[in-house]
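Enquirer: I am sharing query_5.cif, which consists of mmCIF, C-alpha atoms:
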```
data_my_file
loop_
_atom_site.label_atom_id
_atom_site.label_comp_id
_atom_site.auth_asym_id
_atom_site.auth_seq_id
_atom_site.Cartn_x
_atom_site.Cartn_y
_atom_site.Cartn_z
CA MET W 1 -63.07 80.42 4.37
CA PRO W 2 -63.00 79.73 8.16
CA ARG W 3 -60.35 81.50 10.20
CA HIS W 4 -58.07 79.45 12.43
CA ASP W 5 -55.62 80.39 15.12
CA PRO W 6 -51.98 79.71 14.20
CA LEU W 7 -51.08 76.07 14.70
CA PRO W 8 -48.53 75.17 17.35
CA GLY W 9 -45.20 74.69 15.63
CA ALA W 10 -46.47 76.01 12.33
CA PRO W 11 -44.41 78.78 10.70
CA THR W 12 -45.96 82.23 11.09
CA PRO W 13 -44.78 85.50 9.65
CA GLY W 14 -43.47 87.82 12.31
CA PRO W 15 -41.76 91.15 12.77
CA SER W 16 -38.41 89.53 11.97
CA ASP W 17 -39.72 88.46 8.59
CA PRO W 18 -41.92 91.30 7.33
CA GLY W 19 -41.56 90.53 3.63
CA ARG W 20 -42.96 87.03 3.91
CA PRO W 21 -46.60 86.43 2.95
CA PRO W 22 -48.91 85.04 5.62
CA PHE W 23 -49.17 81.27 5.48
CA ASP W 24 -52.44 79.64 4.63
CA GLN W 25 -53.38 77.99 7.90
CA ASP W 26 -55.95 75.77 6.19
CA GLU W 27 -53.34 74.47 3.77
CA ILE W 28 -50.96 73.79 6.66
CA ARG W 29 -53.70 71.93 8.50
CA ARG W 30 -54.55 69.91 5.38
CA ARG W 31 -50.93 68.90 4.86
CA GLN W 32 -50.38 68.03 8.50
CA ARG W 33 -53.56 65.98 8.52
CA ALA W 34 -52.56 64.11 5.35
CA ARG W 35 -49.10 63.42 6.80
CA SER W 36 -50.61 62.21 10.06
CA ILE W 37 -52.90 59.79 8.24
CA VAL W 38 -50.03 58.41 6.12
CA THR W 39 -47.82 58.07 9.22
CA ALA W 40 -50.58 56.23 11.08
CA LEU W 41 -51.09 53.85 8.16
CA ILE W 42 -47.35 53.16 7.93
CA LEU W 43 -47.09 52.54 11.67
CA PHE W 44 -50.07 50.20 11.56
CA ALA W 45 -48.51 48.29 8.65
CA LEU W 46 -45.21 48.04 10.54
CA VAL W 47 -46.93 46.62 13.63
CA ALA W 48 -48.53 43.97 11.42
CA LEU W 49 -45.19 43.28 9.71
CA PHE W 50 -43.25 42.95 12.98
CA TYR W 51 -45.91 40.60 14.30
CA ALA W 52 -45.65 38.48 11.14
CA ILE W 53 -41.84 38.51 11.35
CA SER W 54 -42.00 37.30 14.97
CA ILE W 55 -44.23 34.40 13.95
CA ALA W 56 -42.06 33.57 10.91
CA LYS W 57 -38.87 33.55 13.02
CA MET W 58 -40.46 31.07 15.43
CA LEU W 59 -41.37 28.57 12.69
CA MET G 1 -19.91 69.58 3.64
CA ALA G 2 -21.32 71.89 0.96
CA THR G 3 -24.55 73.69 1.70
CA ALA G 4 -25.13 75.52 -1.54
CA PRO G 5 -28.21 77.72 -1.80
CA ILE G 6 -31.25 76.42 -3.58
CA GLU G 7 -32.65 78.66 -6.27
CA ALA G 8 -36.37 78.37 -5.58
CA PRO G 9 -37.65 80.14 -2.46
CA LEU G 10 -38.94 77.93 0.33
CA THR G 11 -42.59 78.35 1.12
CA GLY G 12 -42.25 77.49 4.82
CA MET G 13 -45.12 75.05 4.40
CA PRO G 14 -44.71 71.54 5.77
CA ALA G 15 -43.88 69.23 2.87
CA GLU G 16 -46.57 66.99 1.42
CA TRP G 17 -46.21 63.25 2.06
CA ARG G 18 -46.01 62.85 -1.72
CA ASP G 19 -42.82 64.90 -1.70
CA PHE G 20 -41.25 62.48 0.78
CA LEU G 21 -42.25 59.65 -1.54
CA ALA G 22 -40.75 61.51 -4.53
CA LEU G 23 -37.53 61.88 -2.53
CA THR G 24 -37.08 58.10 -2.67
CA LYS G 25 -37.04 58.07 -6.52
CA PRO G 26 -39.70 55.33 -6.84
CA ARG G 27 -38.99 54.70 -10.53
CA VAL G 28 -35.29 54.02 -9.93
CA MET G 29 -36.30 51.88 -6.98
CA THR G 30 -38.24 49.56 -9.32
CA LEU G 31 -35.03 48.28 -10.92
CA VAL G 32 -33.31 47.96 -7.54
CA VAL G 33 -36.23 46.00 -6.09
CA PHE G 34 -36.40 43.80 -9.17
CA THR G 35 -32.70 42.86 -9.11
CA GLY G 36 -32.91 42.30 -5.34
CA LEU G 37 -35.95 40.08 -5.79
CA CYS G 38 -34.19 38.11 -8.53
CA GLY G 39 -31.13 37.62 -6.30
CA LEU G 40 -33.46 36.36 -3.59
CA LEU G 41 -35.41 34.01 -5.88
CA ALA G 42 -32.28 32.69 -7.62
CA ALA G 43 -30.58 31.81 -4.33
CA PRO G 44 -30.60 28.14 -3.32
CA GLY G 45 -32.67 27.20 -0.30
CA HIS G 46 -36.00 28.28 1.10
CA ILE G 47 -37.02 31.52 2.74
CA ASN G 48 -40.24 32.19 4.59
CA PRO G 49 -42.38 34.48 2.37
CA VAL G 50 -42.78 36.99 5.22
CA LEU G 51 -39.01 37.21 5.64
CA GLY G 52 -38.54 37.36 1.87
CA PHE G 53 -40.98 40.26 1.70
CA THR G 54 -39.15 41.95 4.58
CA ALA G 55 -35.82 41.59 2.78
CA ILE G 56 -37.21 43.21 -0.38
CA LEU G 57 -38.87 45.94 1.69
CA CYS G 58 -35.55 46.69 3.39
CA ILE G 59 -33.75 46.80 0.03
CA ALA G 60 -36.40 49.22 -1.26
CA LEU G 61 -36.22 51.41 1.86
CA GLY G 62 -32.43 51.40 1.75
CA ALA G 63 -32.50 52.49 -1.90
CA GLY G 64 -35.07 55.17 -1.00
CA ALA G 65 -32.85 56.39 1.83
CA ALA G 66 -29.83 56.63 -0.46
CA ALA G 67 -31.90 58.54 -3.03
CA ALA G 68 -33.18 60.96 -0.37
CA LEU G 69 -29.66 61.63 0.92
CA ASN G 70 -28.44 62.05 -2.66
CA GLN G 71 -31.11 64.71 -3.28
CA TRP G 72 -30.37 66.38 0.05
CA TYR G 73 -26.72 66.79 -0.95
CA GLU G 74 -27.34 67.65 -4.60
CA ALA G 75 -30.21 70.13 -4.27
CA ASP G 76 -28.12 72.91 -5.80
CA LEU G 77 -27.11 70.70 -8.72
CA ASP G 78 -30.64 69.46 -9.31
CA ALA G 79 -31.86 73.07 -9.52
CA LYS G 80 -29.61 73.62 -12.55
CA MET G 81 -30.82 70.65 -14.58
CA LYS G 82 -34.07 70.56 -16.55
CA ARG G 83 -34.54 66.87 -15.76
CA THR G 84 -34.32 67.37 -11.98
CA ARG G 85 -35.33 70.94 -11.19
CA ASN G 86 -38.89 69.96 -10.22
CA ARG G 87 -37.75 67.61 -7.45
CA PRO G 88 -39.06 68.55 -3.96
CA LEU G 89 -35.88 70.31 -2.75
CA PRO G 90 -34.91 72.43 -5.78
CA ALA G 91 -38.58 73.28 -6.35
CA GLY G 92 -38.76 74.60 -2.78
CA ARG G 93 -41.49 72.22 -1.64
CA MET G 94 -39.36 70.82 1.16
CA GLU G 95 -36.64 72.11 3.47
CA ARG G 96 -33.24 70.42 3.43
CA PRO G 97 -33.12 69.30 7.09
CA ALA G 98 -36.38 67.39 6.54
CA ALA G 99 -34.80 65.48 3.63
CA LEU G 100 -31.68 64.72 5.68
CA GLN G 101 -33.65 63.46 8.67
CA PHE G 102 -35.90 61.38 6.42
CA GLY G 103 -32.92 59.82 4.61
CA VAL G 104 -30.91 59.01 7.73
CA GLY G 105 -33.98 57.64 9.52
CA LEU G 106 -34.96 55.45 6.58
CA ALA G 107 -31.39 54.14 6.18
CA ALA G 108 -31.07 53.24 9.85
CA PHE G 109 -34.48 51.60 9.90
CA SER G 110 -33.86 49.47 6.79
CA VAL G 111 -30.45 48.23 8.00
CA ILE G 112 -31.65 47.44 11.55
CA VAL G 113 -34.75 45.57 10.36
CA MET G 114 -32.69 43.63 7.80
CA GLY G 115 -30.23 42.65 10.55
CA LEU G 116 -32.92 41.60 13.00
CA ALA G 117 -35.27 39.83 10.59
CA LEU G 118 -32.79 38.32 8.12
CA ASN G 119 -29.09 38.19 8.89
CA VAL G 120 -26.10 40.37 9.68
CA LEU G 121 -24.38 39.83 6.31
CA ALA G 122 -27.40 41.08 4.32
CA ALA G 123 -27.69 44.07 6.67
CA ALA G 124 -23.97 44.82 6.35
CA ILE G 125 -24.09 44.75 2.53
CA LEU G 126 -27.18 46.97 2.60
CA LEU G 127 -25.36 49.46 4.84
CA VAL G 128 -22.29 49.41 2.59
CA SER G 129 -24.44 50.00 -0.50
CA ILE G 130 -26.16 53.04 1.08
CA LEU G 131 -22.86 54.50 2.31
CA PHE G 132 -21.21 53.79 -1.04
CA TYR G 133 -23.94 55.59 -2.97
CA VAL G 134 -24.06 58.58 -0.65
CA LEU G 135 -20.43 59.05 0.36
CA VAL G 136 -18.39 57.54 -2.48
CA TYR G 137 -20.63 58.37 -5.44
CA THR G 138 -22.62 61.47 -4.43
CA VAL G 139 -20.20 63.32 -2.18
CA TRP G 140 -16.82 62.19 -3.46
CA LEU G 141 -16.93 61.18 -7.13
CA LYS G 142 -19.87 62.77 -8.91
CA ARG G 143 -18.54 66.31 -9.04
CA ARG G 144 -14.88 65.38 -9.34
CA THR G 145 -14.26 62.78 -12.01
CA PRO G 146 -15.73 61.52 -15.30
CA GLN G 147 -15.31 58.03 -13.83
CA ASN G 148 -18.11 58.92 -11.38
CA ILE G 149 -20.71 56.49 -12.67
CA VAL G 150 -18.14 53.74 -13.36
CA ILE G 151 -17.18 53.44 -9.69
CA GLY G 152 -20.54 54.67 -8.45
CA GLY G 153 -22.20 51.94 -10.48
CA ALA G 154 -21.20 49.50 -7.77
CA ALA G 155 -23.87 51.00 -5.52
CA GLY G 156 -26.59 49.89 -7.91
CA ALA G 157 -25.04 46.45 -8.24
CA PHE G 158 -25.50 45.47 -4.58
CA PRO G 159 -29.24 44.55 -4.45
CA ALA G 160 -28.83 41.14 -6.12
CA LEU G 161 -26.04 40.37 -3.67
CA ILE G 162 -28.24 41.47 -0.74
CA GLY G 163 -31.17 39.35 -1.95
CA TRP G 164 -28.93 36.29 -2.23
CA ALA G 165 -27.30 36.90 1.17
CA ALA G 166 -30.72 37.36 2.79
CA VAL G 167 -31.61 33.77 1.85
CA THR G 168 -28.31 31.98 2.25
CA GLY G 169 -26.39 34.06 4.81
CA HIS G 170 -23.31 33.95 2.56
CA VAL G 171 -22.14 35.05 -0.88
CA ASP G 172 -21.29 32.72 -3.80
CA LEU G 173 -19.80 33.11 -7.27
CA LEU G 174 -23.16 33.60 -9.06
CA PRO G 175 -24.29 36.67 -7.06
CA VAL G 176 -20.78 38.11 -7.45
CA MET G 177 -21.18 37.71 -11.23
CA LEU G 178 -24.58 39.41 -11.04
CA PHE G 179 -22.89 42.23 -9.13
CA LEU G 180 -20.26 42.50 -11.88
CA LEU G 181 -22.94 42.41 -14.57
CA VAL G 182 -24.78 45.44 -13.14
CA PHE G 183 -21.46 47.16 -12.43
CA LEU G 184 -20.35 46.83 -16.07
CA TRP G 185 -23.84 47.57 -17.41
CA THR G 186 -23.96 50.96 -15.68
CA PRO G 187 -21.42 52.88 -17.85
CA PRO G 188 -23.02 52.14 -21.25
CA HIS G 189 -26.46 52.77 -19.72
CA PHE G 190 -25.59 56.16 -18.23
CA TRP G 191 -23.26 57.28 -20.99
CA ALA G 192 -26.00 56.67 -23.57
CA LEU G 193 -28.20 58.99 -21.47
CA SER G 194 -25.45 61.56 -20.96
CA LEU G 195 -24.81 61.77 -24.71
CA PHE G 196 -28.28 63.08 -25.46
CA ILE G 197 -28.67 65.26 -22.35
CA ASN G 198 -25.08 66.43 -22.42
CA SER G 199 -26.05 70.12 -22.28
CA ASP G 200 -27.92 69.51 -19.01
CA TYR G 201 -24.88 67.93 -17.34
CA SER G 202 -22.64 70.59 -18.83
CA ALA G 203 -24.85 73.41 -17.48
CA ALA G 204 -24.82 71.84 -14.03
CA GLY G 205 -21.04 71.41 -14.12
CA VAL G 206 -21.16 67.64 -13.65
CA PRO G 207 -17.98 66.15 -15.16
CA MET G 208 -19.69 63.35 -17.05
CA MET G 209 -17.53 61.54 -19.59
CA SER G 210 -19.42 63.21 -22.46
CA VAL G 211 -18.78 66.66 -20.97
CA VAL G 212 -15.09 66.16 -20.14
CA ALA G 213 -13.82 63.82 -22.86
CA GLY G 214 -16.38 64.52 -25.60
CA ALA G 215 -18.90 62.38 -27.44
CA LYS G 216 -16.38 60.34 -29.46
CA ALA G 217 -14.46 59.09 -26.40
CA THR G 218 -17.73 58.40 -24.54
CA ARG G 219 -19.08 56.31 -27.41
CA LEU G 220 -15.88 54.28 -27.59
CA GLN G 221 -15.76 53.71 -23.83
CA ALA G 222 -19.40 52.62 -23.75
CA LEU G 223 -18.53 49.98 -26.33
CA LEU G 224 -15.45 48.93 -24.36
CA TYR G 225 -17.54 48.35 -21.23
CA ALA G 226 -20.28 46.51 -23.15
CA LEU G 227 -17.85 43.77 -24.23
CA PRO G 228 -16.85 42.54 -20.74
CA MET G 229 -20.45 43.10 -19.62
CA ALA G 230 -21.73 40.66 -22.24
CA THR G 231 -18.99 38.19 -21.28
CA VAL G 232 -19.88 38.35 -17.59
CA ALA G 233 -23.59 38.05 -18.44
CA ILE G 234 -23.10 34.87 -20.47
CA ALA G 235 -20.34 33.31 -18.30
CA PRO G 236 -22.60 31.68 -15.64
CA TRP G 237 -23.91 29.30 -18.33
CA PRO G 238 -20.58 27.73 -19.45
CA LEU G 239 -19.45 27.80 -15.80
CA GLY G 240 -22.38 25.55 -14.94
CA LEU G 241 -23.98 28.04 -12.55
CA THR G 242 -27.14 28.30 -14.65
CA GLY G 243 -28.96 26.23 -17.26
CA PRO G 244 -29.64 26.76 -20.97
CA ILE G 245 -32.77 28.89 -20.40
CA TYR G 246 -30.65 31.65 -18.94
CA GLY G 247 -27.74 30.92 -21.27
CA VAL G 248 -29.72 31.17 -24.51
CA ALA G 249 -31.77 34.16 -23.35
CA THR G 250 -28.82 36.18 -22.10
CA THR G 251 -26.73 35.36 -25.17
CA GLY G 252 -29.42 36.76 -27.45
CA LEU G 253 -30.06 39.76 -25.22
CA SER G 254 -26.35 40.52 -24.93
CA LEU G 255 -25.79 40.30 -28.68
CA VAL G 256 -28.54 42.88 -29.23
CA PHE G 257 -26.98 45.04 -26.50
CA LEU G 258 -23.59 44.81 -28.22
CA GLY G 259 -25.18 45.66 -31.58
CA LEU G 260 -26.87 48.76 -30.17
CA THR G 261 -23.71 49.83 -28.36
CA ALA G 262 -21.68 49.36 -31.56
CA ARG G 263 -24.19 51.60 -33.38
CA VAL G 264 -23.63 54.25 -30.71
CA GLY G 265 -19.87 53.62 -30.74
CA PHE G 266 -19.53 54.28 -34.45
CA SER G 267 -22.12 57.05 -34.69
CA ARG G 268 -20.98 60.56 -35.54
CA VAL G 269 -24.21 62.38 -34.72
CA THR G 270 -23.62 65.51 -32.67
CA ASP G 271 -27.12 66.99 -32.48
CA PRO G 272 -28.84 65.54 -29.36
CA THR G 273 -32.27 65.72 -31.01
CA LEU G 274 -31.02 63.35 -33.73
CA MET G 275 -29.41 60.82 -31.37
CA LYS G 276 -31.79 57.94 -31.99
CA ALA G 277 -29.17 55.22 -31.49
CA GLU G 278 -28.29 56.61 -28.06
CA ARG G 279 -31.94 56.76 -27.01
CA HIS G 280 -32.49 53.21 -28.25
CA LEU G 281 -29.48 51.97 -26.30
CA PHE G 282 -30.64 53.74 -23.12
CA ALA G 283 -34.17 52.30 -23.39
CA TYR G 284 -32.94 48.83 -24.34
CA SER G 285 -30.39 48.74 -21.51
CA ILE G 286 -33.26 48.91 -19.00
CA VAL G 287 -35.16 46.15 -20.81
CA TYR G 288 -31.93 44.15 -20.98
CA LEU G 289 -31.38 44.15 -17.24
CA PHE G 290 -35.00 43.25 -16.48
CA ALA G 291 -34.98 40.44 -19.07
CA THR G 292 -31.59 39.01 -18.05
CA PHE G 293 -32.49 38.85 -14.37
CA GLY G 294 -35.95 37.54 -15.24
CA ALA G 295 -34.38 34.76 -17.33
CA LEU G 296 -32.08 33.89 -14.44
CA VAL G 297 -35.00 33.42 -12.06
CA VAL G 298 -36.96 31.32 -14.57
CA ASP G 299 -33.87 29.20 -15.18
CA ARG G 300 -33.09 28.68 -11.49
CA LEU G 301 -36.70 27.80 -10.64
CA TRP G 302 -37.01 25.51 -13.66
CA TYR G 303 -33.89 23.48 -12.87
CA ALA G 304 -34.25 23.60 -9.07
#
```
Go ahead and express the file in the form of structure tokens.

Expert:
Amino acid sequence: MPRHDPLPGAPTPGPSDPGRPPFDQDEIRRRQRARSIVTALILFALVALFYAISIAKML
Amino acid sequence: MATAPIEAPLTGMPAEWRDFLALTKPRVMTLVVFTGLCGLLAAPGHINPVLGFTAILCIALGAGAAAALNQWYEADLDAKMKRTRNRPLPAGRMERPAALQFGVGLAAFSVIVMGLALNVLAAAILLVSILFYVLVYTVWLKRRTPQNIVIGGAAGAFPALIGWAAVTGHVDLLPVMLFLLVFLWTPPHFWALSLFINSDYSAAGVPMMSVVAGAKATRLQALLYALPMATVAIAPWPLGLTGPIYGVATTGLSLVFLGLTARVGFSRVTDPTLMKAERHLFAYSIVYLFATFGALVVDRLWYA
């Protein structure tokens, strides 16, 4: 499994939290990537919707 | 505001997008969207399909927002109930602030878009329905009174009104009757459910009617609500607001509903695993609402 540096903003176990297991950086990356793709798709759909609403309001 | 601890440990992982979707209770949303769509289709006048779609989308997003805020507030309660303990918050797949931000953001977005794309009245009713569900039902009533779902049922009754208002910009007698129909339908629907999962509600400390007043009183009250519900359902026909397609369909559907509620009302079964009549009523009540609203749309389109 490839090693990655901790992601910016991703939770990492530190001295203040010694009992916590290390987080799987690959899993965090996978989830963030999936969320980014879904967010992009939603934003794209909203742009199309707002464009269609603008046209519909003018008719 | 209560911030009770959640039983499952948080993983610290960012939540999956599927968990955000689960937060909106998509299955419950189906009924909300359907009644909203029926209100929109039954309303007189024409609406541009794009704007009609936007109205339904806003109703769905508003319902999703209310569900997310409900789960944010009730995470501790959900953790105690078998039916709800695998939801994203009690299962520890999501942190509470994320659910709160998601719910508030979705609510604001749905109301603003409804106001800009459709009209202020539809947006105002949407806002009231979200606030009613979150503040009146979830925060105020649910943990305090066995009348929780009676008054809280109003929140689920708004979509038809919103759909109608989105088209017409005002509210008439027919959508008010649809509102009343869903309002009166809610107690028998939920009390049938609460009778056979009574132990779940009892364990969670939710004062449902079946927990506080017992099965006998719950059965009787379900029957007492079913009678005015059937009357309100049929009334638009003799009042001349709908035609015979709706009238005949809803009369038949309501008679079956009354029959099933009477079976529950006079039942003496105490073992939840043997409560067939209650399960039948719960399942039929969902079919009933879909069929009644479906008949209304067919009727309105047929005689338009």

Enquirer: Hey, can you check how far CA of Gly252 (chain G) sits from CA of Met177 (chain G)?

Expert: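 Separation of CA of Gly252 (chain G) and CA of Met177 (chain G): 18.2 Å.
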
Enquirer: Mind telling me what the PyMOL selection byres ((chain W) within 8 of (chain G)) catches here, as a list in words?

Expert: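 Listing what the PyMOL selection byres ((chain W) within 8 of (chain G)) selects in the shown file: Pro11, Phe23, Ile28, Arg31, Gln32, Ala34, Arg35, Val38, Ala52, Ile53, Ala56 and Lys57 of chain W.
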
Enquirer: On this structure, the PyMOL selection byres ((chain G and resi 189) around 9) would catch which residues? List them as a list of chain:residue names, sorted by chain and number.

Expert: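 When the PyMOL selection byres ((chain G and resi 189) around 9) is applied to the shown file, the picked residues are G:Trp185, G:Thr186, G:Pro187, G:Pro188, G:Phe190, G:Trp191, G:Ala192, G:Leu193, G:Ser194, G:Ala222, G:Leu281, G:Phe282, G:Ala283, G:Tyr284, G:Ser285, G:Ile286.
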
Enquirer: Check what the PyMOL selection byres ((chain G and resi 62) around 9) selects in the file above and give those residues as a PyMOL selection string.

Expert: chain G and resi 57-61+63-67+103+106-111+126-127+129-130

Enquirer: Grab the CA of Tyr303 (chain G) to CA of Trp164 (chain G) distance for me, in Å with one decimal place.

Expert: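 Going from CA of Tyr303 (chain G) over to CA of Trp164 (chain G), I get 17.4 Å.
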
Enquirer: Leaving out region 159-161 of chain G and any residue of its chain fewer than 6 positions from it, which residues lie within 7 Å of it when counting all atoms listed in the file, given as an MDAnalysis selection string?

Expert: chainID G and resid 32 35:36 38:39 59 175:176 178:179

Enquirer: What separation in Å, quoted to one decimal, exists between CA of Ile162 (chain G) and CA of Leu121 (chain G)?

Expert: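 These two atoms are separated by 8.2 Å.
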
Enquirer: To test the calculation: enclose all listed atoms of region 41-50 of chain G in a box whose edges run along x, y and z, add 6 Å on each side, then state centre and edge lengths in Å to one decimal, as JSON.

Expert:
```
{"center_x": -36.7, "center_y": 32.1, "center_z": -1.2, "size_x": 24.2, "size_y": 21.8, "size_z": 24.8}
```
